[in-house]
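Asks: Here it is: the structure, laid out below.
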Amino acid sequence: MSDQNIPKPERRNFLAKAAGTVAGTATIGVPAISVAQSPVTLRFQSTWPAKDIFHEFAQDYAKLVNEMSGGRLKIDVLPAGSVVKAFDLLDAVNKGTLDGGHGVIAYWYGKNSALALWGSGPAFGMDANMLLAWHESGGGRQLLEEIYKSLNMDVVSYMYGPMPTQPLGWFKKPVSKAEDMKGLKFRTVGLSIDVFTEMGVSVNALPGGEIVPAMDRGLLDAAEFNNASSDRLLGFPDVAKVCMLQSFHQASEQFEILFNRKRLDALPADLRAIIASAVPAASAEMSWKAIDRYSTDYQEMRDKQGVKFYKTPDAILKAQLAAWDTVTEKKAAENPLFRKVLDSQRAFARRAAAWQNDTSVNFRMAYDHFFSKKG
């Protein structure tokens, strides 16, 4: 029987037992000797509010590591602001103020613009899962290590958790053309700041918990965050009733799990192996949970909270692509690492995105066949 056929709790126990043999050899017939010892505790902080599904994703990863370690390791995850502000997480992990953290790499955009290429923009036609494929198999991981080294950041980064395409955002009324965006006071982060600025938008980068209060006070005309579950929890439906779906500004984002390198290297080899192995496992579980929860909250907002969802017009999407070309050309000229990452993504996407576009079936056709019939 494969481990995929083992129920989740039993599978985790199975993995925990298997992980325990990494540092030694299992012996049949010899009684186990129980040695009481305190678990190694790592203090983590996420960049998300306590009730946000993103913080839940951070806790899910920690829970998986804790269970697989058989109680020898405990990752304790605190919500944003418990130790440092959300945008200060990278520095706190680097200094050892925190042992690790959970966030998105676009938050470190101010340190090196190339970091925003892990998620911001159209990614040459790659979705988030394909961008993770580039990171793992196309040289992205090595480039990220090079960037962090150039910033003197002594951290270990794991990218995981491909996100669905994010909405253009929440508005007081629908936008139908690129001109409708000009002059709007708008919230976004990362390289999207430059893209929307190029489109004539007045941008303000705020952490998630500050967006809705700012909209309520009239400090923002519109804003984007990420997904139906987070947006609903943050209270967007209370301050706006229009959500424009589909956008290229954050079409391929994923999460980052950070560790202080010295703290990680001090752990036994088997615990380091568990930490690394839990990343793809948590990535898959996050993807499945997101599909369930996001679709549920999307339906609730549409059917019970009076939110009107509109597809972002192609004219605005094309304007985003044009702005992206202008912004990236400028950034590449200013920053050799930006150009290096951009060229690497382009080379991978030329092959991988062509394959995906040619082989993927149009699922909307099947959906319409089953659900759009009269009656």
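Order determines the names: the first chain of the structure tokens is A, the second B, and so forth; residues in each chain are numbered 1 upward, and ligands are numbered 1 upward as they are shown.
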Near Gln320 (chain A), counting only C-alpha atoms, which residues have an atom at most 8 Å away, once you skip same-chain residues fewer than 5 positions from it, shown as number ranges by chain?
Replies: A: 195-196, 199, 248-249
Asks: Could you save those same residues with C-alpha atoms as a PDB file, in the first residue's frame?
Replies:
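See again-v7.pdb below for the written result:
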ATOM      1  CA  VAL A 195       3.317  48.553 -12.567  1.00  0.00           C
ATOM      2  CA  PHE A 196       0.278  50.409 -11.225  1.00  0.00           C
ATOM      3  CA  MET A 199      -0.559  53.018 -15.269  1.00  0.00           C
ATOM      4  CA  PHE A 248      -1.428  40.124 -14.096  1.00  0.00           C
ATOM      5  CA  HIS A 249      -0.048  42.131 -11.176  1.00  0.00           C
TER       6      HIS A 249
END
Asks: If you run DSSP over the backbone, which residues in region 170-245 of chain A end up alpha helix (DSSP H)? Put them as a ChimeraX atom specification.
Replies: /A:192-198,208-216,228-234,236-239
Asks: Do you know which residues are at most 7 Å from Leu245 (chain A) counting only C-alpha atoms, after dropping those on the same chain fewer than 5 positions away, and could you put them as a ChimeraX atom specification?
Replies: /A:167-168,309-312
Asks: Could you save those same residues with C-alpha atoms as a tab-separated table (two decimals), in the first residue's frame?
Replies:
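part-v4.tsv written:
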chain	number	residue	atom	x	y	z
A	167	PRO	CA	-7.98	39.67	-8.16
A	168	LEU	CA	-7.30	43.11	-9.57
A	309	PHE	CA	-17.73	40.04	-9.15
A	310	TYR	CA	-16.62	41.18	-12.59
A	311	LYS	CA	-13.91	39.94	-14.91
A	312	THR	CA	-11.21	42.55	-15.39
Asks: Determine, counting only C-alpha atoms, which protein, DNA and RNA residues have an atom within 6 Å of an atom of region 254-260 of chain A; residues of the same chain fewer than 6 positions away are not included. Present the result as a PDB file with N, CA and C atoms, in the first residue's frame.
Replies:
ATOM      1  N   VAL A  93      14.629  37.604  11.296  1.00  0.00           N
ATOM      2  CA  VAL A  93      15.127  36.232  11.148  1.00  0.00           C
ATOM      3  C   VAL A  93      16.630  36.250  10.905  1.00  0.00           C
ATOM      4  N   ASN A  94      17.100  37.178  10.108  1.00  0.00           N
ATOM      5  CA  ASN A  94      18.533  37.287   9.837  1.00  0.00           C
ATOM      6  C   ASN A  94      19.320  37.547  11.120  1.00  0.00           C
ATOM      7  N   ASP A  99      13.621  32.762  15.080  1.00  0.00           N
ATOM      8  CA  ASP A  99      14.286  31.611  14.464  1.00  0.00           C
ATOM      9  C   ASP A  99      13.823  31.400  13.028  1.00  0.00           C
ATOM     10  N   GLY A 100      12.624  31.892  12.726  1.00  0.00           N
ATOM     11  CA  GLY A 100      12.111  31.723  11.382  1.00  0.00           C
ATOM     12  C   GLY A 100      10.817  32.481  11.200  1.00  0.00           C
ATOM     13  N   GLY A 101      10.260  32.368   9.994  1.00  0.00           N
ATOM     14  CA  GLY A 101       9.026  33.088   9.723  1.00  0.00           C
ATOM     15  C   GLY A 101       8.360  32.622   8.451  1.00  0.00           C
ATOM     16  N   HIS A 102       7.167  33.156   8.226  1.00  0.00           N
ATOM     17  CA  HIS A 102       6.335  32.780   7.084  1.00  0.00           C
ATOM     18  C   HIS A 102       5.789  34.060   6.463  1.00  0.00           C
ATOM     19  N   GLY A 103       6.044  34.239   5.170  1.00  0.00           N
ATOM     20  CA  GLY A 103       5.560  35.440   4.505  1.00  0.00           C
ATOM     21  C   GLY A 103       5.576  35.277   3.000  1.00  0.00           C
ATOM     22  N   VAL A 104       5.705  36.398   2.301  1.00  0.00           N
ATOM     23  CA  VAL A 104       5.863  36.396   0.847  1.00  0.00           C
ATOM     24  C   VAL A 104       7.084  37.228   0.501  1.00  0.00           C
ATOM     25  N   VAL A 155      20.121  33.675   5.946  1.00  0.00           N
ATOM     26  CA  VAL A 155      18.865  32.950   6.103  1.00  0.00           C
ATOM     27  C   VAL A 155      18.805  31.797   5.108  1.00  0.00           C
ATOM     28  N   VAL A 156      17.931  30.840   5.405  1.00  0.00           N
ATOM     29  CA  VAL A 156      17.618  29.753   4.485  1.00  0.00           C
ATOM     30  C   VAL A 156      16.156  29.913   4.092  1.00  0.00           C
ATOM     31  N   SER A 157      15.903  29.934   2.788  1.00  0.00           N
ATOM     32  CA  SER A 157      14.564  30.197   2.274  1.00  0.00           C
ATOM     33  C   SER A 157      14.009  28.962   1.582  1.00  0.00           C
ATOM     34  N   TYR A 158      12.747  28.660   1.879  1.00  0.00           N
ATOM     35  CA  TYR A 158      12.013  27.608   1.177  1.00  0.00           C
ATOM     36  C   TYR A 158      10.776  28.242   0.549  1.00  0.00           C
ATOM     37  N   MET A 159      10.662  28.149  -0.763  1.00  0.00           N
ATOM     38  CA  MET A 159       9.476  28.651  -1.456  1.00  0.00           C
ATOM     39  C   MET A 159       8.479  27.506  -1.604  1.00  0.00           C
ATOM     40  N   TYR A 160       7.193  27.814  -1.366  1.00  0.00           N
ATOM     41  CA  TYR A 160       6.176  26.760  -1.444  1.00  0.00           C
ATOM     42  C   TYR A 160       4.807  27.411  -1.560  1.00  0.00           C
ATOM     43  N   GLY A 161       3.774  26.598  -1.759  1.00  0.00           N
ATOM     44  CA  GLY A 161       2.400  27.082  -1.711  1.00  0.00           C
ATOM     45  C   GLY A 161       2.000  27.956  -2.877  1.00  0.00           C
ATOM     46  N   PRO A 162       1.845  27.395  -4.082  1.00  0.00           N
ATOM     47  CA  PRO A 162       1.439  28.208  -5.239  1.00  0.00           C
ATOM     48  C   PRO A 162       0.057  28.813  -5.039  1.00  0.00           C
ATOM     49  N   MET A 163      -0.058  30.114  -5.226  1.00  0.00           N
ATOM     50  CA  MET A 163      -1.330  30.815  -5.019  1.00  0.00           C
ATOM     51  C   MET A 163      -2.105  30.930  -6.328  1.00  0.00           C
TER      52      MET A 163
END
Asks: To one decimal in Å, tell me the separation between CA of Ala349 (chain A) and CA of Glu198 (chain A).
Replies: 24.6 Å
Asks: Kindly indicate which residue among A:Gln45, A:Ser38, A:Asn204, A:Asn226 lies nearest to Arg72 (chain A), using only C-alpha atoms for the distances.
Replies: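 Among the listed residues, A:Ser38 lies closest to Arg72 (chain A).
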Asks: Rounded to one decimal, what separation in Å do you get between CA of Ala282 (chain A) and CA of Phe57 (chain A)?
Replies: 8.1 Å
Asks: Could you pull the residues within 9 Å of Val201 (chain A), counting only C-alpha atoms, minus those fewer than 4 positions along the same chain, as an MDAnalysis selection string?
Replies: chainID A and resid 181:186 193 195:197
Asks: Would you mind exporting N, CA and C atoms of the selected residues as a PDB file, in the first residue's frame?
Replies:
ATOM      1  N   MET A 181      -8.500  53.630 -14.070  1.00  0.00           N
ATOM      2  CA  MET A 181      -7.568  53.377 -12.968  1.00  0.00           C
ATOM      3  C   MET A 181      -6.762  54.626 -12.603  1.00  0.00           C
ATOM      4  N   LYS A 182      -6.629  55.539 -13.532  1.00  0.00           N
ATOM      5  CA  LYS A 182      -5.750  56.691 -13.326  1.00  0.00           C
ATOM      6  C   LYS A 182      -6.239  57.570 -12.174  1.00  0.00           C
ATOM      7  N   GLY A 183      -5.301  57.893 -11.299  1.00  0.00           N
ATOM      8  CA  GLY A 183      -5.594  58.769 -10.188  1.00  0.00           C
ATOM      9  C   GLY A 183      -6.179  58.087  -8.971  1.00  0.00           C
ATOM     10  N   LEU A 184      -6.541  56.811  -9.067  1.00  0.00           N
ATOM     11  CA  LEU A 184      -7.109  56.107  -7.919  1.00  0.00           C
ATOM     12  C   LEU A 184      -6.052  55.921  -6.831  1.00  0.00           C
ATOM     13  N   LYS A 185      -6.457  56.103  -5.581  1.00  0.00           N
ATOM     14  CA  LYS A 185      -5.588  55.794  -4.443  1.00  0.00           C
ATOM     15  C   LYS A 185      -5.737  54.303  -4.176  1.00  0.00           C
ATOM     16  N   PHE A 186      -4.664  53.557  -4.405  1.00  0.00           N
ATOM     17  CA  PHE A 186      -4.752  52.089  -4.510  1.00  0.00           C
ATOM     18  C   PHE A 186      -3.683  51.428  -3.670  1.00  0.00           C
ATOM     19  N   ILE A 193       3.696  47.792  -7.329  1.00  0.00           N
ATOM     20  CA  ILE A 193       3.697  49.233  -7.075  1.00  0.00           C
ATOM     21  C   ILE A 193       4.138  49.977  -8.330  1.00  0.00           C
ATOM     22  N   VAL A 195       4.215  48.814 -11.443  1.00  0.00           N
ATOM     23  CA  VAL A 195       3.317  48.553 -12.567  1.00  0.00           C
ATOM     24  C   VAL A 195       2.104  49.478 -12.512  1.00  0.00           C
ATOM     25  N   PHE A 196       1.457  49.558 -11.334  1.00  0.00           N
ATOM     26  CA  PHE A 196       0.278  50.409 -11.225  1.00  0.00           C
ATOM     27  C   PHE A 196       0.648  51.896 -11.298  1.00  0.00           C
ATOM     28  N   THR A 197       1.816  52.248 -10.785  1.00  0.00           N
ATOM     29  CA  THR A 197       2.269  53.633 -10.896  1.00  0.00           C
ATOM     30  C   THR A 197       2.446  54.011 -12.362  1.00  0.00           C
TER      31      THR A 197
END
Asks: Determine which residues of region 56-284 of chain A receive a DSSP assignment of strand (DSSP E or B), computed from the backbone, and state them as a PDB file with N, CA and C atoms, in the first residue's frame.
Replies:
ATOM      1  N   LEU A  73      10.941  18.303  17.922  1.00  0.00           N
ATOM      2  CA  LEU A  73      11.050  19.670  17.434  1.00  0.00           C
ATOM      3  C   LEU A  73       9.681  20.335  17.521  1.00  0.00           C
ATOM      4  N   LYS A  74       9.658  21.574  17.983  1.00  0.00           N
ATOM      5  CA  LYS A  74       8.423  22.321  18.074  1.00  0.00           C
ATOM      6  C   LYS A  74       8.609  23.700  17.448  1.00  0.00           C
ATOM      7  N   ILE A  75       7.868  23.953  16.368  1.00  0.00           N
ATOM      8  CA  ILE A  75       7.848  25.282  15.774  1.00  0.00           C
ATOM      9  C   ILE A  75       6.629  26.000  16.329  1.00  0.00           C
ATOM     10  N   ASP A  76       6.870  27.093  17.032  1.00  0.00           N
ATOM     11  CA  ASP A  76       5.812  27.875  17.653  1.00  0.00           C
ATOM     12  C   ASP A  76       5.582  29.117  16.799  1.00  0.00           C
ATOM     13  N   VAL A  77       4.403  29.196  16.152  1.00  0.00           N
ATOM     14  CA  VAL A  77       4.124  30.264  15.192  1.00  0.00           C
ATOM     15  C   VAL A  77       3.290  31.375  15.824  1.00  0.00           C
ATOM     16  N   LEU A  78       3.815  32.584  15.801  1.00  0.00           N
ATOM     17  CA  LEU A  78       3.126  33.767  16.309  1.00  0.00           C
ATOM     18  C   LEU A  78       2.579  34.587  15.145  1.00  0.00           C
ATOM     19  N   GLY A 100      12.624  31.892  12.726  1.00  0.00           N
ATOM     20  CA  GLY A 100      12.111  31.723  11.382  1.00  0.00           C
ATOM     21  C   GLY A 100      10.817  32.481  11.200  1.00  0.00           C
ATOM     22  N   GLY A 101      10.260  32.368   9.994  1.00  0.00           N
ATOM     23  CA  GLY A 101       9.026  33.088   9.723  1.00  0.00           C
ATOM     24  C   GLY A 101       8.360  32.622   8.451  1.00  0.00           C
ATOM     25  N   HIS A 102       7.167  33.156   8.226  1.00  0.00           N
ATOM     26  CA  HIS A 102       6.335  32.780   7.084  1.00  0.00           C
ATOM     27  C   HIS A 102       5.789  34.060   6.463  1.00  0.00           C
ATOM     28  N   GLY A 103       6.044  34.239   5.170  1.00  0.00           N
ATOM     29  CA  GLY A 103       5.560  35.440   4.505  1.00  0.00           C
ATOM     30  C   GLY A 103       5.576  35.277   3.000  1.00  0.00           C
ATOM     31  N   GLY A 121       3.848  40.272 -11.303  1.00  0.00           N
ATOM     32  CA  GLY A 121       3.871  40.321 -12.753  1.00  0.00           C
ATOM     33  C   GLY A 121       3.369  39.065 -13.430  1.00  0.00           C
ATOM     34  N   VAL A 155      20.121  33.675   5.946  1.00  0.00           N
ATOM     35  CA  VAL A 155      18.865  32.950   6.103  1.00  0.00           C
ATOM     36  C   VAL A 155      18.805  31.797   5.108  1.00  0.00           C
ATOM     37  N   VAL A 156      17.931  30.840   5.405  1.00  0.00           N
ATOM     38  CA  VAL A 156      17.618  29.753   4.485  1.00  0.00           C
ATOM     39  C   VAL A 156      16.156  29.913   4.092  1.00  0.00           C
ATOM     40  N   SER A 157      15.903  29.934   2.788  1.00  0.00           N
ATOM     41  CA  SER A 157      14.564  30.197   2.274  1.00  0.00           C
ATOM     42  C   SER A 157      14.009  28.962   1.582  1.00  0.00           C
ATOM     43  N   TYR A 158      12.747  28.660   1.879  1.00  0.00           N
ATOM     44  CA  TYR A 158      12.013  27.608   1.177  1.00  0.00           C
ATOM     45  C   TYR A 158      10.776  28.242   0.549  1.00  0.00           C
ATOM     46  N   MET A 159      10.662  28.149  -0.763  1.00  0.00           N
ATOM     47  CA  MET A 159       9.476  28.651  -1.456  1.00  0.00           C
ATOM     48  C   MET A 159       8.479  27.506  -1.604  1.00  0.00           C
ATOM     49  N   TYR A 160       7.193  27.814  -1.366  1.00  0.00           N
ATOM     50  CA  TYR A 160       6.176  26.760  -1.444  1.00  0.00           C
ATOM     51  C   TYR A 160       4.807  27.411  -1.560  1.00  0.00           C
ATOM     52  N   GLY A 161       3.774  26.598  -1.759  1.00  0.00           N
ATOM     53  CA  GLY A 161       2.400  27.082  -1.711  1.00  0.00           C
ATOM     54  C   GLY A 161       2.000  27.956  -2.877  1.00  0.00           C
ATOM     55  N   PRO A 162       1.845  27.395  -4.082  1.00  0.00           N
ATOM     56  CA  PRO A 162       1.439  28.208  -5.239  1.00  0.00           C
ATOM     57  C   PRO A 162       0.057  28.813  -5.039  1.00  0.00           C
ATOM     58  N   GLY A 169      -8.698  43.661  -7.654  1.00  0.00           N
ATOM     59  CA  GLY A 169      -8.941  44.310  -6.370  1.00  0.00           C
ATOM     60  C   GLY A 169     -10.390  44.686  -6.148  1.00  0.00           C
ATOM     61  N   TRP A 170     -10.597  45.451  -5.060  1.00  0.00           N
ATOM     62  CA  TRP A 170     -11.918  45.870  -4.609  1.00  0.00           C
ATOM     63  C   TRP A 170     -12.109  47.347  -4.918  1.00  0.00           C
ATOM     64  N   PHE A 171     -13.281  47.677  -5.499  1.00  0.00           N
ATOM     65  CA  PHE A 171     -13.556  49.021  -5.980  1.00  0.00           C
ATOM     66  C   PHE A 171     -14.955  49.460  -5.544  1.00  0.00           C
ATOM     67  N   LYS A 185      -6.457  56.103  -5.581  1.00  0.00           N
ATOM     68  CA  LYS A 185      -5.588  55.794  -4.443  1.00  0.00           C
ATOM     69  C   LYS A 185      -5.737  54.303  -4.176  1.00  0.00           C
ATOM     70  N   PHE A 186      -4.664  53.557  -4.405  1.00  0.00           N
ATOM     71  CA  PHE A 186      -4.752  52.089  -4.510  1.00  0.00           C
ATOM     72  C   PHE A 186      -3.683  51.428  -3.670  1.00  0.00           C
ATOM     73  N   ARG A 187      -4.032  50.320  -3.033  1.00  0.00           N
ATOM     74  CA  ARG A 187      -3.062  49.550  -2.239  1.00  0.00           C
ATOM     75  C   ARG A 187      -2.572  48.344  -3.010  1.00  0.00           C
ATOM     76  N   SER A 202      -2.187  56.007  -8.028  1.00  0.00           N
ATOM     77  CA  SER A 202      -1.488  56.499  -6.835  1.00  0.00           C
ATOM     78  C   SER A 202      -1.442  55.367  -5.817  1.00  0.00           C
ATOM     79  N   VAL A 203      -0.259  54.807  -5.587  1.00  0.00           N
ATOM     80  CA  VAL A 203      -0.123  53.563  -4.831  1.00  0.00           C
ATOM     81  C   VAL A 203       0.330  53.816  -3.403  1.00  0.00           C
ATOM     82  N   ASN A 204      -0.252  53.040  -2.482  1.00  0.00           N
ATOM     83  CA  ASN A 204       0.153  53.054  -1.079  1.00  0.00           C
ATOM     84  C   ASN A 204       0.309  51.603  -0.637  1.00  0.00           C
ATOM     85  N   ALA A 222      -9.415  52.095  -3.711  1.00  0.00           N
ATOM     86  CA  ALA A 222      -9.491  50.687  -4.097  1.00  0.00           C
ATOM     87  C   ALA A 222      -8.262  49.986  -3.551  1.00  0.00           C
ATOM     88  N   ALA A 223      -8.323  48.670  -3.503  1.00  0.00           N
ATOM     89  CA  ALA A 223      -7.194  47.918  -2.943  1.00  0.00           C
ATOM     90  C   ALA A 223      -7.270  46.466  -3.367  1.00  0.00           C
ATOM     91  N   VAL A 242     -17.734  45.760  -5.016  1.00  0.00           N
ATOM     92  CA  VAL A 242     -17.299  45.361  -6.355  1.00  0.00           C
ATOM     93  C   VAL A 242     -15.902  44.765  -6.264  1.00  0.00           C
ATOM     94  N   CYS A 243     -15.751  43.561  -6.776  1.00  0.00           N
ATOM     95  CA  CYS A 243     -14.435  42.924  -6.845  1.00  0.00           C
ATOM     96  C   CYS A 243     -14.148  42.545  -8.291  1.00  0.00           C
ATOM     97  N   MET A 244     -13.044  43.059  -8.806  1.00  0.00           N
ATOM     98  CA  MET A 244     -12.632  42.772 -10.183  1.00  0.00           C
ATOM     99  C   MET A 244     -11.683  41.580 -10.173  1.00  0.00           C
ATOM    100  N   LEU A 245     -12.106  40.491 -10.808  1.00  0.00           N
ATOM    101  CA  LEU A 245     -11.323  39.256 -10.836  1.00  0.00           C
ATOM    102  C   LEU A 245     -10.377  39.234 -12.031  1.00  0.00           C
ATOM    103  N   GLN A 250      -0.225  40.141  -9.747  1.00  0.00           N
ATOM    104  CA  GLN A 250       0.262  39.102  -8.839  1.00  0.00           C
ATOM    105  C   GLN A 250      -0.359  37.777  -9.292  1.00  0.00           C
ATOM    106  N   GLN A 254       3.789  32.870  -4.537  1.00  0.00           N
ATOM    107  CA  GLN A 254       3.858  31.736  -3.619  1.00  0.00           C
ATOM    108  C   GLN A 254       4.398  32.213  -2.268  1.00  0.00           C
ATOM    109  N   PHE A 255       4.334  31.350  -1.264  1.00  0.00           N
ATOM    110  CA  PHE A 255       4.786  31.715   0.081  1.00  0.00           C
ATOM    111  C   PHE A 255       6.271  31.410   0.260  1.00  0.00           C
ATOM    112  N   GLU A 256       6.838  32.020   1.309  1.00  0.00           N
ATOM    113  CA  GLU A 256       8.229  31.761   1.683  1.00  0.00           C
ATOM    114  C   GLU A 256       8.287  31.367   3.151  1.00  0.00           C
ATOM    115  N   ILE A 257       9.000  30.296   3.430  1.00  0.00           N
ATOM    116  CA  ILE A 257       9.317  29.888   4.803  1.00  0.00           C
ATOM    117  C   ILE A 257      10.786  30.206   5.036  1.00  0.00           C
ATOM    118  N   LEU A 258      11.069  31.003   6.052  1.00  0.00           N
ATOM    119  CA  LEU A 258      12.428  31.458   6.337  1.00  0.00           C
ATOM    120  C   LEU A 258      12.965  30.839   7.621  1.00  0.00           C
ATOM    121  N   PHE A 259      14.250  30.533   7.628  1.00  0.00           N
ATOM    122  CA  PHE A 259      14.946  30.086   8.836  1.00  0.00           C
ATOM    123  C   PHE A 259      16.226  30.891   9.000  1.00  0.00           C
ATOM    124  N   ASN A 260      16.568  31.194  10.231  1.00  0.00           N
ATOM    125  CA  ASN A 260      17.891  31.714  10.524  1.00  0.00           C
ATOM    126  C   ASN A 260      18.898  30.592  10.255  1.00  0.00           C
TER     127      ASN A 260
END
Asks: Which polymer residues have any atom within 8 Å of an atom of Gly119 (chain A), counting only C-alpha atoms, with same-chain residues fewer than 6 positions away left out, as an mmCIF file with N, CA and C atoms, in the first residue's frame?
Replies:
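Contents of result36.cif, as written:
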data_model
loop_
_atom_site.group_PDB
_atom_site.id
_atom_site.type_symbol
_atom_site.label_atom_id
_atom_site.label_comp_id
_atom_site.auth_asym_id
_atom_site.auth_seq_id
_atom_site.Cartn_x
_atom_site.Cartn_y
_atom_site.Cartn_z
ATOM 1 N N ILE A 105 7.766 36.812 -0.514
ATOM 2 C CA ILE A 105 9.056 37.423 -0.829
ATOM 3 C C ILE A 105 8.915 38.850 -1.365
ATOM 4 N N ALA A 106 7.723 39.177 -1.880
ATOM 5 C CA ALA A 106 7.501 40.535 -2.384
ATOM 6 C C ALA A 106 7.631 41.577 -1.277
ATOM 7 N N ALA A 128 1.534 30.091 -10.844
ATOM 8 C CA ALA A 128 2.358 29.998 -9.636
ATOM 9 C C ALA A 128 3.052 28.657 -9.503
ATOM 10 N N LEU A 131 5.998 28.672 -11.766
ATOM 11 C CA LEU A 131 7.078 29.495 -11.232
ATOM 12 C C LEU A 131 7.845 28.739 -10.148
ATOM 13 N N GLN A 250 -0.225 40.141 -9.747
ATOM 14 C CA GLN A 250 0.262 39.102 -8.839
ATOM 15 C C GLN A 250 -0.359 37.777 -9.292
ATOM 16 N N ALA A 251 0.018 37.331 -10.460
ATOM 17 C CA ALA A 251 -0.615 36.149 -11.054
ATOM 18 C C ALA A 251 0.079 34.848 -10.669
ATOM 19 N N SER A 252 1.269 34.931 -10.078
ATOM 20 C CA SER A 252 2.079 33.711 -9.906
ATOM 21 C C SER A 252 2.822 33.703 -8.578
ATOM 22 N N GLU A 253 2.163 34.141 -7.512
ATOM 23 C CA GLU A 253 2.858 34.276 -6.234
ATOM 24 C C GLU A 253 2.835 32.978 -5.428
ATOM 25 N N GLN A 254 3.789 32.870 -4.537
ATOM 26 C CA GLN A 254 3.858 31.736 -3.619
ATOM 27 C C GLN A 254 4.398 32.213 -2.268
#
Asks: With only C-alpha atoms as the atoms that count, which of A:Arg141, A:Arg43, A:Lys177, A:Lys149 lies nearest to Asp314 (chain A)?
Replies: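 Ranked by minimum distance to Asp314 (chain A), first place goes to A:Lys177.
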Asks: Measuring atom to atom with only C-alpha atoms, identify which of A:Lys331, A:Leu220, A:Arg351, A:Ser229 is nearest to Glu300 (chain A).
Replies: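 Among A:Lys331, A:Leu220, A:Arg351, A:Ser229, it is A:Ser229 that comes nearest to Glu300 (chain A).
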Asks: Expressed in Å to a single decimal, how great is the separation between CA of Gly70 (chain A) and CA of Lys289 (chain A)?
Replies: 24.2 Å
